[in-house]
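So this block is model07.cif, mmCIF, C-alpha atoms and all ligand atoms:
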data_data
loop_
_atom_site.label_atom_id
_atom_site.label_comp_id
_atom_site.auth_asym_id
_atom_site.auth_seq_id
_atom_site.Cartn_x
_atom_site.Cartn_y
_atom_site.Cartn_z
CA MET S 1 -116.80 190.95 -34.46
CA ASP S 2 -113.89 189.04 -33.01
CA ILE S 3 -111.93 190.01 -29.92
CA THR S 4 -108.16 189.77 -29.62
CA LEU S 5 -106.07 189.94 -26.46
CA LYS S 6 -102.41 190.49 -27.19
CA GLU S 7 -99.84 189.85 -24.47
CA ILE S 8 -102.23 190.98 -21.75
CA THR S 9 -100.84 191.14 -18.23
CA LYS S 10 -102.61 192.44 -15.15
CA ILE S 11 -100.77 192.92 -11.87
CA PHE S 12 -102.54 194.03 -8.71
CA GLN S 13 -100.45 195.80 -6.12
CA ALA S 14 -101.50 195.72 -2.48
CA LYS S 15 -100.83 198.55 -0.01
CA ASP S 16 -97.79 196.69 1.32
CA LYS S 17 -96.44 196.62 -2.28
CA SER S 18 -96.91 192.85 -2.60
CA GLU S 19 -97.99 191.93 -6.12
CA THR S 20 -100.47 189.46 -7.58
CA VAL S 21 -100.10 188.60 -11.23
CA ALA S 22 -103.77 187.97 -11.95
CA VAL S 23 -103.36 187.55 -15.71
CA ASN S 24 -100.01 186.65 -17.24
CA ASP S 25 -99.09 187.29 -20.89
CA PHE S 26 -102.47 186.23 -22.21
CA ASN S 27 -102.89 185.83 -25.97
CA ILE S 28 -106.15 184.81 -27.61
CA THR S 29 -108.50 185.57 -30.47
CA ILE S 30 -112.15 185.02 -29.69
CA PRO S 31 -114.00 184.32 -32.93
CA SER S 32 -116.93 186.45 -34.02
CA GLY S 33 -120.42 185.26 -33.18
CA LYS S 34 -119.32 182.40 -30.94
CA LEU S 35 -120.04 181.53 -27.33
CA ILE S 36 -116.76 181.06 -25.52
CA GLY S 37 -116.47 179.53 -22.06
CA LEU S 38 -113.69 181.01 -19.95
CA LEU S 39 -112.99 178.33 -17.41
CA GLY S 40 -110.68 177.77 -14.47
CA PRO S 41 -110.46 177.42 -10.69
CA SER S 42 -111.28 180.21 -8.27
CA GLY S 43 -108.73 183.02 -8.40
CA CYS S 44 -107.23 182.02 -11.77
CA GLY S 45 -107.97 185.41 -13.35
CA LYS S 46 -111.28 184.90 -15.15
CA SER S 47 -113.10 187.97 -13.84
CA THR S 48 -109.97 190.09 -14.24
CA THR S 49 -109.76 189.07 -17.90
CA LEU S 50 -113.42 189.83 -18.46
CA TYR S 51 -113.20 193.24 -16.77
CA MET S 52 -110.23 194.20 -18.93
CA ILE S 53 -112.28 193.36 -22.03
CA ALA S 54 -115.11 195.43 -20.57
CA GLY S 55 -112.74 198.32 -19.83
CA LEU S 56 -113.37 198.32 -16.07
CA LEU S 57 -109.75 197.33 -15.49
CA THR S 58 -106.71 198.48 -17.46
CA PRO S 59 -103.98 195.99 -18.31
CA ASN S 60 -100.43 196.78 -17.17
CA HIS S 61 -99.21 195.46 -20.46
CA GLY S 62 -100.67 194.39 -23.82
CA ARG S 63 -103.46 195.50 -26.15
CA ILE S 64 -107.11 194.58 -26.64
CA TYR S 65 -108.78 194.71 -30.07
CA PHE S 66 -112.42 194.55 -31.09
CA GLY S 67 -112.12 193.56 -34.74
CA ASP S 68 -109.32 195.77 -36.04
CA GLU S 69 -110.01 198.51 -33.52
CA ASP S 70 -107.66 198.96 -30.58
CA VAL S 71 -109.98 199.52 -27.60
CA THR S 72 -107.35 199.33 -24.85
CA ASP S 73 -107.70 203.00 -23.94
CA MET S 74 -111.40 203.31 -24.70
CA ALA S 75 -113.88 204.04 -21.90
CA PRO S 76 -116.19 201.13 -20.97
CA GLU S 77 -119.32 202.95 -22.13
CA ASP S 78 -117.85 203.48 -25.61
CA ARG S 79 -116.91 199.84 -26.15
CA GLY S 80 -120.39 198.50 -26.89
CA ILE S 81 -120.37 195.73 -24.33
CA GLY S 82 -123.15 194.20 -22.28
CA LEU S 83 -122.00 192.88 -18.93
CA VAL S 84 -123.68 190.62 -16.39
CA PHE S 85 -121.71 190.62 -13.15
CA GLN S 86 -120.82 187.68 -10.95
CA ASN S 87 -123.23 189.05 -8.33
CA TYR S 88 -125.75 190.59 -10.66
CA ALA S 89 -127.71 193.33 -9.00
CA LEU S 90 -131.08 194.53 -10.18
CA TYR S 91 -132.40 197.78 -8.80
CA PRO S 92 -134.89 196.54 -6.18
CA HIS S 93 -137.13 199.62 -6.21
CA MET S 94 -137.60 199.53 -9.99
CA THR S 95 -139.89 197.29 -12.01
CA VAL S 96 -138.52 194.77 -14.50
CA ARG S 97 -139.34 197.23 -17.29
CA GLN S 98 -137.49 200.07 -15.58
CA ASN S 99 -134.51 197.84 -14.86
CA ILE S 100 -134.20 196.79 -18.49
CA MET S 101 -134.69 200.34 -19.80
CA PHE S 102 -132.19 201.85 -17.40
CA PRO S 103 -129.09 201.66 -19.66
CA LEU S 104 -131.03 203.46 -22.39
CA GLU S 105 -131.75 206.49 -20.23
CA ASN S 106 -128.07 207.41 -20.05
CA ILE S 107 -127.77 207.42 -23.82
CA LYS S 108 -131.00 209.38 -24.26
CA VAL S 109 -132.97 206.94 -26.36
CA PRO S 110 -136.49 208.38 -26.91
CA LYS S 111 -139.04 206.93 -24.47
CA GLU S 112 -141.18 205.23 -27.11
CA GLU S 113 -138.23 203.42 -28.67
CA ALA S 114 -136.80 202.52 -25.26
CA LEU S 115 -140.09 200.91 -24.27
CA LYS S 116 -140.18 198.89 -27.45
CA ARG S 117 -136.58 197.74 -27.14
CA ALA S 118 -137.09 196.76 -23.51
CA GLN S 119 -140.16 194.71 -24.46
CA ASP S 120 -138.29 193.03 -27.35
CA MET S 121 -135.43 192.04 -25.06
CA ALA S 122 -137.79 190.82 -22.34
CA ASP S 123 -139.62 188.70 -24.95
CA LEU S 124 -136.31 187.34 -26.21
CA VAL S 125 -135.27 186.12 -22.77
CA GLY S 126 -138.78 184.90 -21.96
CA ILE S 127 -139.93 187.35 -19.29
CA GLY S 128 -142.13 189.55 -21.45
CA GLU S 129 -145.12 188.97 -19.18
CA LEU S 130 -143.36 190.09 -16.02
CA MET S 131 -142.56 193.69 -16.90
CA ASN S 132 -144.51 195.28 -14.05
CA ARG S 133 -143.07 193.15 -11.27
CA LYS S 134 -140.31 194.12 -8.88
CA PRO S 135 -137.18 191.94 -8.69
CA LYS S 136 -138.16 190.41 -5.34
CA GLN S 137 -141.35 189.09 -6.95
CA LEU S 138 -139.30 187.00 -9.38
CA SER S 139 -137.54 183.65 -9.11
CA GLY S 140 -133.73 183.55 -9.26
CA GLY S 141 -133.77 182.39 -12.87
CA GLN S 142 -136.19 185.14 -13.87
CA GLN S 143 -134.03 187.76 -12.16
CA GLN S 144 -131.06 186.37 -14.05
CA ARG S 145 -132.89 186.81 -17.32
CA VAL S 146 -133.76 190.41 -16.44
CA ALA S 147 -130.03 191.01 -15.92
CA ILE S 148 -129.31 189.50 -19.34
CA ALA S 149 -132.05 191.55 -21.01
CA ARG S 150 -130.59 194.66 -19.39
CA ALA S 151 -127.15 193.76 -20.74
CA LEU S 152 -128.55 193.22 -24.25
CA VAL S 153 -130.83 196.25 -24.54
CA LYS S 154 -128.09 198.58 -25.77
CA LYS S 155 -127.42 196.15 -28.63
CA PRO S 156 -123.85 195.50 -27.51
CA ARG S 157 -121.15 194.20 -29.82
CA VAL S 158 -120.00 191.80 -27.12
CA LEU S 159 -121.84 190.08 -24.28
CA LEU S 160 -119.77 189.33 -21.17
CA LEU S 161 -121.25 187.01 -18.54
CA ASP S 162 -119.38 186.49 -15.27
CA GLU S 163 -120.67 183.32 -13.54
CA PRO S 164 -124.24 184.29 -14.44
CA LEU S 165 -125.73 181.11 -13.00
CA SER S 166 -123.92 180.93 -9.69
CA ASN S 167 -126.92 181.99 -7.63
CA LEU S 168 -129.30 179.42 -9.07
CA ASP S 169 -130.16 175.93 -7.88
CA ALA S 170 -129.12 172.92 -9.95
CA ARG S 171 -132.32 172.54 -11.97
CA LEU S 172 -132.66 176.22 -12.75
CA ARG S 173 -128.98 176.38 -13.64
CA LEU S 174 -129.52 173.74 -16.31
CA ALA S 175 -132.58 175.45 -17.74
CA THR S 176 -131.00 178.90 -17.71
CA ARG S 177 -127.80 177.78 -19.38
CA GLU S 178 -129.81 176.35 -22.26
CA GLU S 179 -131.67 179.63 -22.40
CA ILE S 180 -128.39 181.57 -22.62
CA LYS S 181 -127.26 179.32 -25.44
CA ARG S 182 -130.52 179.97 -27.29
CA ILE S 183 -130.33 183.74 -26.80
CA GLN S 184 -126.73 183.73 -28.00
CA ARG S 185 -127.68 181.75 -31.12
CA GLU S 186 -130.61 184.00 -31.91
CA THR S 187 -128.66 187.23 -31.50
CA GLY S 188 -125.38 185.93 -32.94
CA ILE S 189 -123.53 188.16 -30.53
CA THR S 190 -119.95 187.30 -29.56
CA THR S 191 -120.27 186.08 -25.99
CA ILE S 192 -117.80 185.22 -23.25
CA PHE S 193 -119.20 183.11 -20.47
CA VAL S 194 -117.09 182.84 -17.32
CA THR S 195 -117.52 179.86 -15.04
CA HIS S 196 -115.51 177.57 -12.79
CA ASP S 197 -117.95 174.74 -13.57
CA GLN S 198 -116.39 172.56 -16.24
CA GLU S 199 -119.58 170.73 -17.09
CA GLU S 200 -121.42 174.01 -17.60
CA ALA S 201 -118.69 175.37 -19.85
CA MET S 202 -118.37 172.14 -21.82
CA SER S 203 -122.09 171.88 -22.44
CA ILE S 204 -122.81 175.30 -23.90
CA SER S 205 -119.54 176.62 -25.33
CA ASP S 206 -118.44 176.57 -28.95
CA GLU S 207 -114.92 176.78 -27.57
CA ILE S 208 -113.44 176.78 -24.11
CA ILE S 209 -110.44 178.65 -22.77
CA LEU S 210 -108.86 177.01 -19.74
CA MET S 211 -106.89 179.19 -17.34
CA ASP S 212 -104.80 178.44 -14.27
CA LEU S 213 -102.82 180.91 -12.17
CA GLY S 214 -103.39 183.69 -14.70
CA ILE S 215 -101.97 181.63 -17.54
CA LYS S 216 -103.81 180.24 -20.55
CA GLN S 217 -103.58 176.45 -20.47
CA GLN S 218 -105.53 175.28 -23.49
CA VAL S 219 -108.09 176.50 -26.01
CA GLY S 220 -110.37 174.51 -28.27
CA GLU S 221 -113.70 172.87 -28.81
CA PRO S 222 -114.81 171.22 -25.55
CA GLN S 223 -114.61 167.65 -26.82
CA ASP S 224 -111.20 168.20 -28.42
CA VAL S 225 -109.76 169.58 -25.19
CA TYR S 226 -111.26 166.68 -23.24
CA ASP S 227 -109.87 164.12 -25.70
CA GLU S 228 -106.43 165.70 -26.06
CA PRO S 229 -105.45 167.49 -22.83
CA LYS S 230 -102.09 169.20 -23.15
CA ASN S 231 -101.14 168.83 -19.53
CA LEU S 232 -102.10 167.38 -16.19
CA PHE S 233 -104.02 170.48 -15.11
CA VAL S 234 -106.34 170.29 -18.12
CA ALA S 235 -106.79 166.53 -17.79
CA LYS S 236 -107.72 166.89 -14.12
CA PHE S 237 -109.98 169.89 -14.59
CA LEU S 238 -112.27 168.38 -17.22
CA GLY S 239 -114.49 165.37 -16.62
CA THR S 240 -116.87 163.97 -14.01
CA PRO S 241 -115.94 161.76 -12.32
CA PRO S 242 -112.40 163.09 -12.72
CA ILE S 243 -109.60 161.28 -14.48
CA ASN S 244 -107.82 158.56 -12.47
CA LEU S 245 -104.16 159.39 -11.87
CA MET S 246 -101.66 156.68 -11.08
CA PRO S 247 -97.91 156.70 -10.65
CA GLY S 248 -96.13 154.81 -13.41
CA GLU S 249 -92.93 154.63 -15.35
CA ILE S 250 -91.69 154.44 -18.91
CA LYS S 251 -89.20 151.67 -19.59
CA ASN S 252 -88.08 150.63 -23.06
CA LYS S 253 -90.95 152.52 -24.70
CA GLN S 254 -93.52 150.79 -22.51
CA VAL S 255 -95.71 152.53 -19.97
CA LEU S 256 -95.87 150.44 -16.82
CA ILE S 257 -98.21 150.62 -13.86
CA ARG S 258 -97.21 148.36 -10.96
CA GLY S 259 -94.81 146.69 -13.38
CA SER S 260 -97.47 145.77 -15.98
CA LYS S 261 -97.56 147.30 -19.42
CA VAL S 262 -100.67 149.42 -19.96
CA THR S 263 -99.70 151.12 -23.21
CA GLY S 264 -96.73 152.05 -25.33
CA LYS S 265 -95.01 155.43 -25.55
CA ALA S 266 -91.96 156.47 -27.52
CA ALA S 267 -90.29 158.50 -24.80
CA LYS S 268 -87.16 158.16 -22.71
CA ASN S 269 -87.15 156.09 -19.52
CA GLN S 270 -88.63 158.12 -16.69
CA GLU S 271 -91.18 158.25 -13.90
CA VAL S 272 -94.57 159.46 -15.10
CA VAL S 273 -98.14 160.09 -14.05
CA VAL S 274 -100.63 157.96 -15.96
CA GLY S 275 -104.17 159.29 -16.34
CA ILE S 276 -107.05 157.02 -17.29
CA ARG S 277 -110.53 158.37 -17.87
CA PRO S 278 -113.24 156.58 -15.85
CA GLU S 279 -114.90 155.44 -19.09
CA GLY S 280 -111.65 154.03 -20.47
CA PHE S 281 -111.75 150.66 -18.69
CA GLU S 282 -113.09 147.62 -20.48
CA ILE S 283 -114.02 144.52 -18.54
CA ASP S 284 -112.17 141.55 -20.02
CA PRO S 285 -111.42 138.20 -18.33
CA ASN S 286 -107.99 138.34 -20.00
CA GLY S 287 -107.46 142.01 -19.17
CA ILE S 288 -104.09 143.47 -18.25
CA MET S 289 -105.07 145.12 -14.98
CA GLU S 290 -106.81 143.38 -12.11
CA LEU S 291 -108.55 145.58 -9.56
CA GLU S 292 -110.53 144.81 -6.44
CA VAL S 293 -113.83 146.63 -6.26
CA TYR S 294 -114.40 148.47 -3.00
CA MET S 295 -117.83 149.94 -3.64
CA VAL S 296 -120.45 149.99 -6.39
CA GLU S 297 -122.76 152.89 -7.22
CA THR S 298 -125.46 152.34 -9.82
CA ILE S 299 -127.22 155.41 -11.13
CA GLY S 300 -129.48 154.73 -14.08
CA ARG S 301 -127.53 153.73 -17.15
CA ASP S 302 -124.09 153.60 -15.56
CA THR S 303 -122.40 151.81 -12.74
CA THR S 304 -119.44 153.42 -11.03
CA LEU S 305 -116.93 151.07 -9.48
CA ILE S 306 -114.84 152.56 -6.70
CA ILE S 307 -111.37 151.14 -6.29
CA LYS S 308 -109.25 151.66 -3.19
CA ASN S 309 -105.89 150.56 -1.89
CA PHE S 310 -104.36 150.73 -5.32
CA ASN S 311 -100.59 151.21 -5.08
CA ASP S 312 -101.14 151.62 -1.31
CA SER S 313 -102.25 155.17 -1.93
CA ALA S 314 -105.08 156.73 0.03
CA LYS S 315 -106.76 157.81 -3.18
CA SER S 316 -109.77 156.10 -4.63
CA TYR S 317 -110.33 155.56 -8.33
CA ARG S 318 -113.54 155.57 -10.31
CA ILE S 319 -114.44 153.36 -13.23
CA ILE S 320 -117.64 153.65 -15.23
CA VAL S 321 -119.06 150.45 -16.64
CA ASP S 322 -122.36 149.43 -18.17
CA ALA S 323 -124.98 148.67 -15.49
CA ARG S 324 -125.66 145.23 -16.96
CA HIS S 325 -122.38 144.00 -15.46
CA ARG S 326 -123.53 142.84 -12.05
CA ILE S 327 -120.42 143.58 -10.01
CA LYS S 328 -120.35 143.40 -6.21
CA PRO S 329 -118.00 144.92 -3.66
CA GLY S 330 -115.03 142.62 -3.09
CA ASP S 331 -115.05 141.28 -6.67
CA LYS S 332 -111.72 141.16 -8.45
CA VAL S 333 -112.23 142.39 -12.00
CA LYS S 334 -109.82 142.39 -14.93
CA PHE S 335 -109.75 145.32 -17.33
CA ASN S 336 -108.23 146.38 -20.57
CA ILE S 337 -107.67 150.06 -21.15
CA GLU S 338 -108.78 151.90 -24.26
CA SER S 339 -105.76 153.50 -25.83
CA ASP S 340 -107.46 156.86 -26.48
CA LYS S 341 -108.54 157.16 -22.83
CA ILE S 342 -105.08 156.89 -21.37
CA PHE S 343 -102.68 159.81 -21.08
CA VAL S 344 -99.10 159.95 -19.88
CA PHE S 345 -97.62 163.02 -18.20
CA ASN S 346 -94.16 164.12 -17.17
CA ARG S 347 -94.07 163.80 -13.40
CA GLU S 348 -92.21 167.08 -12.84
CA THR S 349 -93.74 169.46 -15.36
CA GLY S 350 -97.18 167.89 -15.85
CA GLU S 351 -96.73 168.20 -19.62
CA ARG S 352 -98.33 165.45 -21.65
CA LEU S 353 -95.81 163.08 -23.24
N1 LIG N 1 -108.69 194.42 -6.86
C1 LIG N 1 -107.80 193.46 -6.58
N2 LIG N 1 -106.72 193.72 -5.81
C2 LIG N 1 -105.81 192.76 -5.56
N3 LIG N 1 -105.89 191.50 -6.02
C3 LIG N 1 -106.94 191.17 -6.79
C4 LIG N 1 -107.96 192.14 -7.10
N4 LIG N 1 -108.90 191.52 -7.88
C5 LIG N 1 -108.47 190.25 -8.02
N5 LIG N 1 -107.30 190.04 -7.37
C6 LIG N 1 -106.54 188.78 -7.35
O1 LIG N 1 -106.27 188.41 -8.68
C7 LIG N 1 -106.43 187.01 -8.85
C8 LIG N 1 -107.48 186.73 -9.92
O2 LIG N 1 -108.74 187.17 -9.44
P1 LIG N 1 -110.09 187.00 -10.29
O3 LIG N 1 -111.16 187.72 -9.57
O4 LIG N 1 -109.83 187.39 -11.70
O5 LIG N 1 -110.30 185.42 -10.20
P2 LIG N 1 -111.51 184.53 -10.77
O6 LIG N 1 -110.89 183.54 -11.69
O7 LIG N 1 -112.58 185.38 -11.30
O8 LIG N 1 -111.99 183.74 -9.45
P3 LIG N 1 -113.49 183.32 -8.96
O9 LIG N 1 -113.83 182.06 -9.69
O10 LIG N 1 -113.29 183.07 -7.51
O11 LIG N 1 -114.42 184.46 -9.24
C9 LIG N 1 -106.77 186.45 -7.48
O12 LIG N 1 -105.58 185.99 -6.88
C10 LIG N 1 -107.31 187.64 -6.75
O13 LIG N 1 -107.07 187.53 -5.36
MG MG N 2 -114.54 185.80 -10.70
#

Starting from the file, lay out its structure as structure tokens.
Ligand SMILES: Nc1ncnc2c1ncn2[C@@H]1O[C@H](COP(=O)(O)OP(=O)(O)OP(=O)(O)O)[C@@H](O)[C@H]1O
Ligand SMILES: [Mg+2]
Amino acid sequence: MDITLKEITKIFQAKDKSETVAVNDFNITIPSGKLIGLLGPSGCGKSTTLYMIAGLLTPNHGRIYFGDEDVTDMAPEDRGIGLVFQNYALYPHMTVRQNIMFPLENIKVPKEEALKRAQDMADLVGIGELMNRKPKQLSGGQQQRVAIARALVKKPRVLLLDEPLSNLDARLRLATREEIKRIQRETGITTIFVTHDQEEAMSISDEIILMDLGIKQQVGEPQDVYDEPKNLFVAKFLGTPPINLMPGEIKNKQVLIRGSKVTGKAAKNQEVVVGIRPEGFEIDPNGIMELEVYMVETIGRDTTLIIKNFNDSAKSYRIIVDARHRIKPGDKVKFNIESDKIFVFNRETGERL
């Protein structure tokens, strides 16, 4: 079942009447059976969006549809959603089994069936052996999976996960995100996964939705959004190390950095921001751009060159090259730039040219 948000706006009003537009005229259709990453910086409106889909918040404007059904005025418990909160809370005095079965008590599922469904869900998320433990006897990742099993036990139409991995350490985060992907595949349930971690969203999502300041910025398959960012915000938000941004200009259909042509662009003469992905530099003795290497970091397969004092700016730039190039700090290296790794943005609006 797909989910559609139509012109959704949410405004919070404080006691002093000051207003925050948390979500601004949001339009999207989330395809059935997919895992969608809802991504953006802190405060951009991700949780607010999720809670409106869940029915815990009511939009000031717009409608929400599950399939063809308008659910905007429907109570949360009638929507058929499973929700895992940003700070998931298990009931500490209950066992894992009791925690998972809890949502079924309210809807009066017979005990026998409830037990079976709880066990099935626990098996699905890989904690079937831990049913008699209390939450404090579990690792963070195991607790997380109990929360997911509890969200799934009512057989929801939609699974909503709000930063479900934020309390886990790096290694467990990786393992648990793969687990979530597997569970989503096996159940085929339409899932929205909220995170501010771009790598996490890129790695498990069928599609990502990027938000900033309550406004949808771009939607698409992760690699497509990375390869074709619509604006400076999107280009900056995706990628580690981040894209290198340099002041430049367009003159006679040429894009110039420090007076040298780096690419062509059929646009009017103007000042621009040029973005080059760290992997877009190619070492070439006849290259068009010479840079002095300030520092070299080699981690496994890749070497990162750090460039400073470019254009007299305080910023440093990062370039990823193959580790077999033995480059030392102080070396002056010439590069060519791959045309599909370079992006040109309007300096005022940030729109891609
Ligand atoms: N109950 C509320 N009352 C007033 N303002 C709120 C309320 N809830 C959220 N906001 C504001 O709305 C905006 C969006 O908040 P939201 O919680 O949706 O952000 P988020 O993207 O989930 O951020 P984070 O990544 O930090 O969880 C923020 O500016 C926030 O301060
Ligand atoms: Mg949030």

Query raised in the report: Hey, can you check how far atom CA of Ile189 of chain S sits from atom P3 of ligand LIG 1 (chain N)?
Result: 24.3 Å

**Report entry** Selection: 7 Å around Phe26 of chain S, all atoms listed in the file, excl. self and same-chain fewer than 3 positions, as a PyMOL selection string
**Finding:** chain S and resi 5-9+23+215-216

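With all atoms listed in the file as the atoms that count, the residue of S:Arg133, S:Asp206, S:Gln198, S:Pro164 with the shortest distance to Gly33 of chain S is S:Asp206.
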
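Atom CA of Leu245 of chain S is positioned 12.3 Å from atom CA of Asn346 of chain S.
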
Query raised in the report: Can I get the residues close to ligand MG 2 (chain N) as a VMD selection string, where close means within 7 Å and we count all atoms listed in the file?
Result: chain S and resid 42 to 43 46 to 47 86 162

Report task. Using all atoms listed in the file, find each protein or nucleic acid residue lying at most 10 Å from ligand LIG 1 (chain N); present the set as a PyMOL selection string. Result -> chain S and resi 10-15+18-23+38-52+57+86-87+162-163+194-197+211-214

Query raised in the report: With all atoms listed in the file as the basis for distance, which of S:Val234, S:Ala122, S:Met246, S:Ile81 is at the shortest distance from Lys315 of chain S?
Result: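 Answer, going by the shortest atom-to-atom distance: S:Met246.
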
Query raised in the report: Looking at S:Glu292, S:Lys251, S:Ile3, S:Glu105, which one is nearest to Thr72 of chain S, with distances taken over all atoms listed in the file?
Result: S:Ile3

Query raised in the report: Contacts of Leu174 of chain S at 12 Å or less, counting all atoms listed in the file, minus same-chain residues fewer than 3 places along, as JSON, numbers by chain?
Result: {"S": [141, 164, 165, 166, 168, 169, 170, 171, 177, 178, 179, 180, 181, 197, 199, 200, 201, 203, 204]}

Emit the selected residues as a compact mmCIF listing (two decimals), in the coordinates of the input, including C-alpha atoms.
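This went into again12.txt:
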# COMPACT_ATOMS: atom_id res chain seq x y z
CA GLY S 141 -133.77 182.39 -12.87
CA PRO S 164 -124.24 184.29 -14.44
CA LEU S 165 -125.73 181.11 -13.00
CA SER S 166 -123.92 180.93 -9.69
CA LEU S 168 -129.30 179.42 -9.07
CA ASP S 169 -130.16 175.93 -7.88
CA ALA S 170 -129.12 172.92 -9.95
CA ARG S 171 -132.32 172.54 -11.97
CA ARG S 177 -127.80 177.78 -19.38
CA GLU S 178 -129.81 176.35 -22.26
CA GLU S 179 -131.67 179.63 -22.40
CA ILE S 180 -128.39 181.57 -22.62
CA LYS S 181 -127.26 179.32 -25.44
CA ASP S 197 -117.95 174.74 -13.57
CA GLU S 199 -119.58 170.73 -17.09
CA GLU S 200 -121.42 174.01 -17.60
CA ALA S 201 -118.69 175.37 -19.85
CA SER S 203 -122.09 171.88 -22.44
CA ILE S 204 -122.81 175.30 -23.90
